[in-house]
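Participant: Please find protein23.cif (mmCIF, C-alpha atoms and all ligand atoms) on the next line:
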```
data_my_file
loop_
_atom_site.label_atom_id
_atom_site.label_comp_id
_atom_site.auth_asym_id
_atom_site.auth_seq_id
_atom_site.Cartn_x
_atom_site.Cartn_y
_atom_site.Cartn_z
CA MET A 18 0.00 0.00 0.00
CA THR A 19 1.25 3.50 -0.79
CA ILE A 20 0.70 5.72 2.20
CA THR A 21 -0.66 9.15 1.33
CA THR A 22 -2.26 10.37 4.58
CA MET A 23 -1.03 10.21 8.18
CA GLY A 24 -2.43 10.50 11.67
CA VAL A 25 -0.16 11.28 14.62
CA VAL A 26 -1.17 10.64 18.24
CA GLY A 27 0.70 12.81 20.77
CA ALA A 28 1.67 16.39 19.89
CA GLY A 29 4.78 16.53 22.11
CA GLN A 30 8.28 17.05 20.76
CA MET A 31 8.27 13.80 18.72
CA GLY A 32 4.67 13.89 17.51
CA ALA A 33 5.02 17.52 16.40
CA GLY A 34 8.27 16.68 14.60
CA ILE A 35 6.75 13.66 12.82
CA ALA A 36 3.70 15.71 11.74
CA GLN A 37 6.05 18.41 10.46
CA VAL A 38 8.19 16.11 8.29
CA ALA A 39 5.11 14.33 6.91
CA ALA A 40 3.41 17.62 6.00
CA THR A 41 6.64 18.99 4.53
CA ALA A 42 6.71 15.90 2.29
CA GLY A 43 3.16 16.77 1.14
CA LEU A 44 1.09 14.36 3.25
CA PRO A 45 -2.09 15.68 4.87
CA VAL A 46 -1.74 15.02 8.62
CA VAL A 47 -4.26 14.73 11.46
CA LEU A 48 -2.52 15.47 14.76
CA CYS A 49 -4.31 14.24 17.88
CA ASP A 50 -3.64 14.86 21.59
CA LEU A 51 -5.53 14.79 24.87
CA ASN A 52 -6.31 18.50 25.07
CA GLU A 53 -6.28 21.80 23.19
CA ALA A 54 -3.31 23.14 25.16
CA ALA A 55 -1.08 20.24 24.05
CA LEU A 56 -2.22 20.70 20.44
CA GLU A 57 -1.52 24.44 20.63
CA ARG A 58 2.00 23.77 21.94
CA GLY A 59 2.54 21.21 19.17
CA ARG A 60 1.37 23.58 16.46
CA ALA A 61 3.50 26.43 17.85
CA SER A 62 6.59 24.23 17.88
CA ILE A 63 5.97 23.12 14.27
CA SER A 64 5.45 26.72 13.22
CA SER A 65 8.67 27.94 14.85
CA SER A 66 10.66 24.97 13.50
CA LEU A 67 9.42 25.74 9.96
CA SER A 68 10.30 29.43 10.44
CA ARG A 69 13.85 28.46 11.45
CA MET A 70 14.11 26.34 8.28
CA VAL A 71 12.92 29.26 6.15
CA LYS A 72 15.52 31.54 7.80
CA LYS A 73 18.24 28.99 7.05
CA GLU A 74 16.92 28.80 3.45
CA LYS A 75 16.26 25.06 3.75
CA ILE A 76 12.69 25.54 2.54
CA SER A 77 10.75 28.45 1.01
CA GLN A 78 8.11 30.46 2.91
CA THR A 79 5.51 29.12 0.43
CA ASP A 80 6.45 25.49 1.22
CA ALA A 81 6.43 26.20 4.96
CA ASP A 82 2.95 27.74 4.70
CA ALA A 83 1.77 24.79 2.58
CA ALA A 84 3.10 22.30 5.17
CA LEU A 85 1.38 24.08 8.05
CA ALA A 86 -1.89 24.15 6.09
CA LEU A 87 -1.73 20.35 5.69
CA ILE A 88 -1.85 19.77 9.48
CA ARG A 89 -5.28 19.46 11.10
CA VAL A 90 -5.45 19.14 14.89
CA THR A 91 -8.07 17.36 16.98
CA THR A 92 -8.67 15.92 20.43
CA ASP A 93 -10.99 13.27 19.01
CA THR A 94 -9.48 9.98 17.75
CA ALA A 95 -12.51 9.67 15.44
CA GLY A 96 -10.66 12.23 13.29
CA LEU A 97 -8.19 9.42 12.44
CA ALA A 98 -10.82 7.19 10.81
CA ASP A 99 -9.68 7.75 7.21
CA VAL A 100 -5.87 7.98 7.39
CA ASP A 101 -3.60 5.32 5.82
CA ILE A 102 -1.24 5.19 8.81
CA VAL A 103 -1.25 6.43 12.39
CA VAL A 104 2.09 7.02 14.11
CA GLU A 105 1.59 6.95 17.87
CA ALA A 106 3.99 9.25 19.75
CA ALA A 107 2.34 9.53 23.18
CA SER A 108 4.21 9.20 26.48
CA GLU A 109 6.57 6.23 26.94
CA ASP A 110 4.19 4.14 29.05
CA GLU A 111 2.97 0.72 27.98
CA ALA A 112 -0.47 1.06 29.61
CA ILE A 113 -1.09 4.37 27.80
CA LYS A 114 0.05 2.92 24.48
CA ALA A 115 -2.07 -0.23 24.89
CA LYS A 116 -5.15 1.90 25.49
CA ILE A 117 -4.40 4.10 22.47
CA PHE A 118 -3.85 1.09 20.18
CA ALA A 119 -7.11 -0.53 21.27
CA SER A 120 -8.99 2.68 20.48
CA LEU A 121 -7.14 3.22 17.16
CA ASP A 122 -8.00 -0.35 16.20
CA ALA A 123 -11.67 0.42 16.79
CA VAL A 124 -11.72 3.72 14.91
CA CYS A 125 -9.27 3.38 11.97
CA LYS A 126 -10.21 1.90 8.60
CA PRO A 127 -9.46 -1.86 8.36
CA GLU A 128 -6.49 -1.50 5.99
CA ALA A 129 -4.78 1.27 8.04
CA ILE A 130 -1.31 0.62 9.47
CA LEU A 131 -0.82 1.38 13.16
CA ALA A 132 2.77 2.39 13.96
CA THR A 133 4.38 3.33 17.25
CA ASN A 134 7.32 5.64 17.83
CA THR A 135 8.07 3.92 21.15
CA SER A 136 11.71 4.12 22.25
CA SER A 137 11.84 0.74 23.91
CA ILE A 138 8.50 -1.02 24.50
CA SER A 139 7.72 -4.39 22.85
CA ILE A 140 6.01 -3.85 19.46
CA THR A 141 4.84 -7.47 19.65
CA ARG A 142 2.91 -6.80 22.88
CA ILE A 143 1.43 -3.56 21.49
CA ALA A 144 0.35 -5.44 18.32
CA ALA A 145 -1.33 -8.11 20.47
CA VAL A 146 -3.87 -5.65 21.92
CA THR A 147 -5.32 -5.07 18.42
CA GLN A 148 -7.39 -7.21 16.07
CA ARG A 149 -4.91 -6.37 13.28
CA PRO A 150 -1.52 -7.41 14.71
CA GLY A 151 -0.10 -7.97 11.21
CA GLN A 152 -0.55 -4.23 10.52
CA VAL A 153 1.26 -2.99 13.65
CA ILE A 154 4.89 -1.90 13.40
CA GLY A 155 7.53 0.25 15.12
CA MET A 156 8.57 3.45 13.36
CA HIS A 157 11.19 4.93 15.65
CA PHE A 158 12.19 8.46 14.63
CA MET A 159 15.10 10.30 16.26
CA ASN A 160 14.99 13.66 18.03
CA PRO A 161 14.82 16.34 16.63
CA VAL A 162 12.80 14.65 13.88
CA PRO A 163 13.28 17.30 11.14
CA MET A 164 17.09 17.12 11.57
CA MET A 165 17.81 13.43 12.13
CA GLN A 166 18.01 11.01 9.21
CA LEU A 167 17.49 7.68 10.95
CA VAL A 168 14.24 5.77 11.38
CA GLU A 169 14.41 2.33 13.00
CA VAL A 170 11.66 0.21 11.39
CA ILE A 171 10.79 -2.53 13.85
CA ARG A 172 8.71 -5.56 12.96
CA ALA A 173 6.57 -7.13 15.66
CA LEU A 174 6.59 -10.92 15.52
CA GLN A 175 3.18 -10.58 13.82
CA THR A 176 4.02 -7.79 11.29
CA GLU A 177 3.30 -8.64 7.65
CA ASP A 178 6.09 -8.12 5.08
CA THR A 179 3.88 -5.88 2.92
CA VAL A 180 3.34 -3.59 5.91
CA PHE A 181 7.08 -3.48 6.59
CA ARG A 182 7.76 -2.53 2.96
CA SER A 183 5.08 0.20 2.96
CA VAL A 184 6.58 1.76 6.10
CA GLN A 185 10.12 1.50 4.72
CA ALA A 186 8.93 3.33 1.58
CA LEU A 187 7.14 5.95 3.70
CA ALA A 188 10.33 6.63 5.68
CA GLU A 189 12.16 7.24 2.38
CA THR A 190 9.37 9.54 1.16
CA LEU A 191 9.90 11.57 4.35
CA GLY A 192 13.60 11.90 3.44
CA LYS A 193 14.74 9.46 6.14
CA VAL A 194 16.98 6.39 6.06
CA PRO A 195 15.08 3.34 7.38
CA VAL A 196 17.04 0.62 9.18
CA ASP A 197 15.50 -2.84 9.63
CA VAL A 198 15.68 -3.71 13.33
CA LYS A 199 14.28 -6.68 15.28
CA ASP A 200 11.82 -6.25 18.13
CA ALA A 201 13.84 -6.36 21.37
CA PRO A 202 13.89 -4.01 24.39
CA GLY A 203 15.29 -0.63 23.34
CA PHE A 204 15.80 -1.96 19.76
CA VAL A 205 19.32 -0.92 18.67
CA ALA A 206 19.44 2.86 19.18
CA ASN A 207 18.38 2.93 22.82
CA ARG A 208 19.97 -0.41 23.73
CA ILE A 209 23.28 1.37 23.07
CA LEU A 210 22.51 5.01 23.82
CA LEU A 211 20.60 4.86 27.09
CA PRO A 212 23.10 2.80 29.11
CA MET A 213 25.71 5.38 28.04
CA LEU A 214 23.55 8.29 29.22
CA ASN A 215 22.75 6.40 32.45
CA GLU A 216 26.49 5.87 33.07
CA ALA A 217 27.10 9.61 32.61
CA MET A 218 24.44 10.18 35.30
CA PHE A 219 26.25 7.73 37.62
CA CYS A 220 29.48 9.74 37.05
CA LEU A 221 27.64 12.86 38.18
CA HIS A 222 25.90 11.03 41.05
CA GLU A 223 29.25 9.73 42.33
CA GLY A 224 30.82 13.20 42.10
CA LEU A 225 33.47 12.27 39.51
CA ALA A 226 33.02 15.61 37.74
CA SER A 227 30.44 18.34 37.22
CA ALA A 228 27.68 18.04 34.60
CA GLU A 229 29.55 20.51 32.37
CA GLU A 230 32.81 18.59 32.74
CA ILE A 231 31.20 15.20 31.98
CA ASP A 232 29.65 16.61 28.81
CA THR A 233 32.94 18.26 27.82
CA VAL A 234 34.74 14.90 28.15
CA MET A 235 32.36 13.26 25.70
CA GLN A 236 32.18 16.21 23.29
CA LEU A 237 35.91 16.95 23.07
CA GLY A 238 37.15 13.43 23.83
CA MET A 239 34.74 11.37 21.75
CA SER A 240 33.58 13.99 19.21
CA HIS A 241 29.96 13.68 20.32
CA PRO A 242 28.01 16.71 19.00
CA MET A 243 26.18 16.94 22.34
CA GLY A 244 27.21 15.80 25.80
CA PRO A 245 25.26 12.87 27.33
CA LEU A 246 23.63 14.95 30.07
CA ALA A 247 22.49 17.66 27.65
CA LEU A 248 21.19 14.92 25.37
CA ALA A 249 19.28 13.31 28.27
CA ASP A 250 17.73 16.74 28.97
CA LEU A 251 16.72 16.98 25.30
CA ILE A 252 15.16 13.50 25.25
CA GLY A 253 13.32 14.15 28.54
CA LEU A 254 14.38 12.55 31.82
CA ASP A 255 10.98 10.86 32.23
CA THR A 256 11.47 9.18 28.85
CA CYS A 257 15.07 8.22 29.77
CA LEU A 258 13.85 6.63 33.03
CA SER A 259 11.04 4.75 31.26
CA ILE A 260 13.52 3.33 28.74
CA MET A 261 15.99 2.28 31.48
CA ASN A 262 13.13 0.60 33.35
CA VAL A 263 12.12 -1.31 30.21
CA LEU A 264 15.74 -2.48 29.71
CA TYR A 265 16.17 -3.39 33.40
CA ASP A 266 12.81 -5.21 33.71
CA SER A 267 13.23 -7.03 30.39
CA PHE A 268 16.81 -8.26 30.68
CA LYS A 269 16.89 -8.62 34.49
CA ASP A 270 20.50 -7.52 34.28
CA SER A 271 21.88 -5.07 36.87
CA LYS A 272 23.90 -3.27 34.19
CA TYR A 273 20.63 -1.55 33.21
CA ARG A 274 19.79 -0.31 36.74
CA PRO A 275 18.55 3.29 36.41
CA CYS A 276 20.84 5.77 38.16
CA PRO A 277 19.23 6.82 41.50
CA LEU A 278 19.86 10.46 40.59
CA LEU A 279 17.75 10.01 37.43
CA VAL A 280 14.92 8.53 39.53
CA GLN A 281 15.14 11.44 41.97
CA MET A 282 15.16 14.07 39.22
CA VAL A 283 12.00 12.59 37.69
CA ASP A 284 10.38 12.43 41.16
CA ALA A 285 11.16 16.14 41.55
CA GLY A 286 9.61 16.98 38.18
CA TYR A 287 12.98 18.03 36.72
CA LEU A 288 12.41 16.47 33.29
CA GLY A 289 14.95 18.42 31.23
CA ARG A 290 14.24 21.00 28.55
CA LYS A 291 10.49 20.44 28.56
CA THR A 292 10.22 21.65 32.17
CA GLY A 293 13.05 24.19 31.98
CA ARG A 294 15.25 22.23 34.38
CA GLY A 295 17.18 18.99 34.16
CA PHE A 296 20.92 18.46 34.49
CA PHE A 297 21.16 21.98 33.08
CA SER A 298 18.85 24.97 33.35
CA TYR A 299 16.85 26.26 30.36
CA GLU A 300 15.02 29.21 31.92
P1 LIG B 1 6.39 14.37 25.22
O1 LIG B 1 6.27 14.24 26.69
O2 LIG B 1 7.06 15.56 24.63
O3 LIG B 1 4.93 14.28 24.54
C1 LIG B 1 4.01 13.27 24.81
C2 LIG B 1 2.65 13.75 24.32
O4 LIG B 1 1.73 12.65 24.37
C3 LIG B 1 2.05 14.88 25.19
O5 LIG B 1 1.66 15.96 24.36
C4 LIG B 1 0.85 14.21 25.87
O6 LIG B 1 -0.23 15.10 26.09
C5 LIG B 1 0.49 13.16 24.80
N1 LIG B 1 -0.33 12.06 25.31
C6 LIG B 1 -0.18 11.36 26.46
N2 LIG B 1 -1.16 10.44 26.57
C7 LIG B 1 -1.93 10.56 25.45
C8 LIG B 1 -3.10 9.90 24.97
N3 LIG B 1 -3.67 8.91 25.67
N4 LIG B 1 -3.62 10.28 23.78
C9 LIG B 1 -3.05 11.28 23.07
N5 LIG B 1 -1.94 11.94 23.47
C10 LIG B 1 -1.40 11.58 24.64
O7 LIG B 1 7.10 13.01 24.74
P2 LIG B 1 8.02 12.78 23.45
O8 LIG B 1 9.43 13.07 23.82
O9 LIG B 1 7.40 13.45 22.26
O10 LIG B 1 7.92 11.19 23.30
C11 LIG B 1 6.79 10.59 22.70
C12 LIG B 1 7.14 9.16 22.30
O11 LIG B 1 8.26 9.17 21.40
C13 LIG B 1 7.55 8.26 23.48
O12 LIG B 1 7.11 6.95 23.23
C14 LIG B 1 9.07 8.34 23.43
O13 LIG B 1 9.69 7.23 24.01
C15 LIG B 1 9.30 8.36 21.92
N6 LIG B 1 10.59 8.93 21.50
C16 LIG B 1 11.10 10.01 22.17
C17 LIG B 1 12.32 10.54 21.76
C18 LIG B 1 12.90 11.73 22.48
O14 LIG B 1 14.08 12.05 22.26
N7 LIG B 1 12.16 12.39 23.33
C19 LIG B 1 13.00 10.00 20.66
C20 LIG B 1 12.43 8.91 19.98
C21 LIG B 1 11.21 8.38 20.41
#
```
Produce structure tokens that represent the structure in this file.
Ligand code: NAD
Facilitator:
Amino acid sequence: MTITTMGVVGAGQMGAGIAQVAATAGLPVVLCDLNEAALERGRASISSSLSRMVKKEKISQTDADAALALIRVTTDTAGLADVDIVVEAASEDEAIKAKIFASLDAVCKPEAILATNTSSISITRIAAVTQRPGQVIGMHFMNPVPMMQLVEVIRALQTEDTVFRSVQALAETLGKVPVDVKDAPGFVANRILLPMLNEAMFCLHEGLASAEEIDTVMQLGMSHPMGPLALADLIGLDTCLSIMNVLYDSFKDSKYRPCPLLVQMVDAGYLGRKTGRGFFSYE
């Protein structure tokens, strides 16, 4: 199936980014979230991201306006009834995702593909809550979506090959490079990345160096474009903790134990950039 229309559930940093790249590629998008305030924030972030791209002469003002006009926002999942694919990008919580997939399954047309942008949760288990498990797949974009080329395309045990190929083709239409990855906790990207970020948090927790110094070590010493603590702040510390918990609970291996400082920061509501405070301050 050629995918020509998209729904996105969750208008946070990832959902807004996915809606933006789809609309920029000419796909009409329906963006859905729990409330008007979240949708307003999502639309504002898309609008300012497009403006930055116009300023940098990456796209024309006309194309930016056309992309924005292709995005319709709604709080009602019934608005997703006619799209070819829905990409779910709600919070990294299996219970939330299971509920969303059950309701998408009820509302979306029978041939629609249901994809999740989960960072770590089993696609196979998400597929199992629907009556169309062969049409459920992982489509894991990277943050920030408009800048990053990679999409991990993750087949659930149940995913049909035709669905995999349609999603691979969609990723290419969006200007991304799809990589075929098996369904396992954290897939490849976060199986490697998150333990590294977690270790940086342990270095801070144990007082080995300051947050600035830890990030400088990795930027200047390993040529990372961003230090691990700044990257954790960008991802969101709640999301980082959820991913570490998925790795720890799935593998039962102490090497994935979330850093106690990460747990405490999330308990305090210091979630990184999205709350203005994480390992660094963004006020
Ligand atoms: P976020 O906190 O910025 O946004 C989550 C959004 O989901 C919020 O707007 C919230 O209102 C909405 N939401 C929650 N429950 C919902 C529901 N039942 N129905 C509709 N909307 C709902 O989170 P994010 O960083 O955009 O992450 C979203 C997903 O993308 C997560 O699964 C995360 O693991 C994954 N992801 C995140 C990153 C990253 O760097 N942050 C990268 C790749 C994938």
Participant: Find the distance between CA of Leu221 in chain A and CA of Leu254 in chain A and write it in Å to one decimal.
Facilitator: 14.7 Å
Participant: Dig up all the protein and nucleic acid residues within 9 Å of (4.6, -4.2, 19.0) in the file frame, using all atoms listed in the file, and format them as a list in words.
Facilitator: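 Within the cut-off we find Ala132, Thr133, Ile138, Ser139, Ile140, Thr141, Arg142, Ile143, Ala144, Ala145, Pro150, Val153, Ile154, Gly155, Ile171, Arg172, Ala173, Leu174, Gln175, Thr176 and Asp200 of chain A.
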Participant: Which residues are near Asn207 in chain A? Cut-off 10 Å, all atoms listed in the file, ignore same chain within fewer than 2 positions. Put them as a PyMOL selection string.
Facilitator: chain A and resi 136-137+202-205+209-214+257+260-261+264
Participant: Please identify all polymer residues lying at most 12 Å from the point (-0.7, 15.8, 25.8) (file coordinates), using only C-alpha atoms, and present the result as a PyMOL selection string.
Facilitator: chain A and resi 26-33+48-59+91-92+106-108+113
Participant: What separation in Å, quoted to one decimal, exists between atom C20 of ligand LIG 1 (chain B) and CA of Pro161 in chain A?
Facilitator: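 A separation of 8.5 Å between them.
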Participant: A:Gly24, A:Pro277, A:Gly295, A:Gly34: which is nearest ligand LIG 1 (chain B), counting all atoms listed in the file?
Facilitator: A:Gly34
Participant: Mind pulling up the distance from CA of His222 in chain A to CA of Gln281 in chain A?
Facilitator: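 Distance between the two atoms: 10.8 Å.
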Participant: Show me, as JSON lines, the residues of range 156-254 of chain A having an atom within 10 Å of range 96-103 of chain A, each with the closest atom pair and its distance in Å, using all atoms listed in the file.
Facilitator:
```
{"residue": "A:Ser183", "atom": "CA", "partner": "A:Ile102", "partner_atom": "CA", "distance": 10.0}
{"residue": "A:Val184", "atom": "CA", "partner": "A:Ile102", "partner_atom": "CA", "distance": 9.0}
{"residue": "A:Leu187", "atom": "CA", "partner": "A:Ile102", "partner_atom": "CA", "distance": 9.8}
```
Participant: Compare A:Thr233, A:Ser68, A:Ser227, A:Asn262 by their minimum atom-to-atom distance to ligand LIG 1 (chain B), counting all atoms listed in the file, and give me the closest one.
Facilitator: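 Selected residue with least distance to ligand LIG 1 (chain B): A:Asn262.
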Participant: Taking only C-alpha atoms into account, which of A:Met70, A:Val146, A:Thr94, A:Tyr299 comes nearest Ala112 in chain A?
Facilitator: A:Val146
Participant: Tell me which of A:Leu278, A:Ala123, A:Ala42, A:Ala285 sits closest to Ala188 in chain A, counting only C-alpha atoms.
Facilitator: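 Result for the nearest residue to Ala188 in chain A: A:Ala42.
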Participant: Counting all atoms listed in the file, figure out which residue out of A:Leu288, A:Val198, A:Val283, A:Val46 gets nearest to ligand LIG 1 (chain B).
Facilitator: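 Smallest separation from ligand LIG 1 (chain B) among the options: A:Leu288.
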Participant: Which one of A:Ala206, A:Met218, A:Leu85, A:Ala186 sits closest to Val280 in chain A if you count all atoms listed in the file?
Facilitator: A:Met218
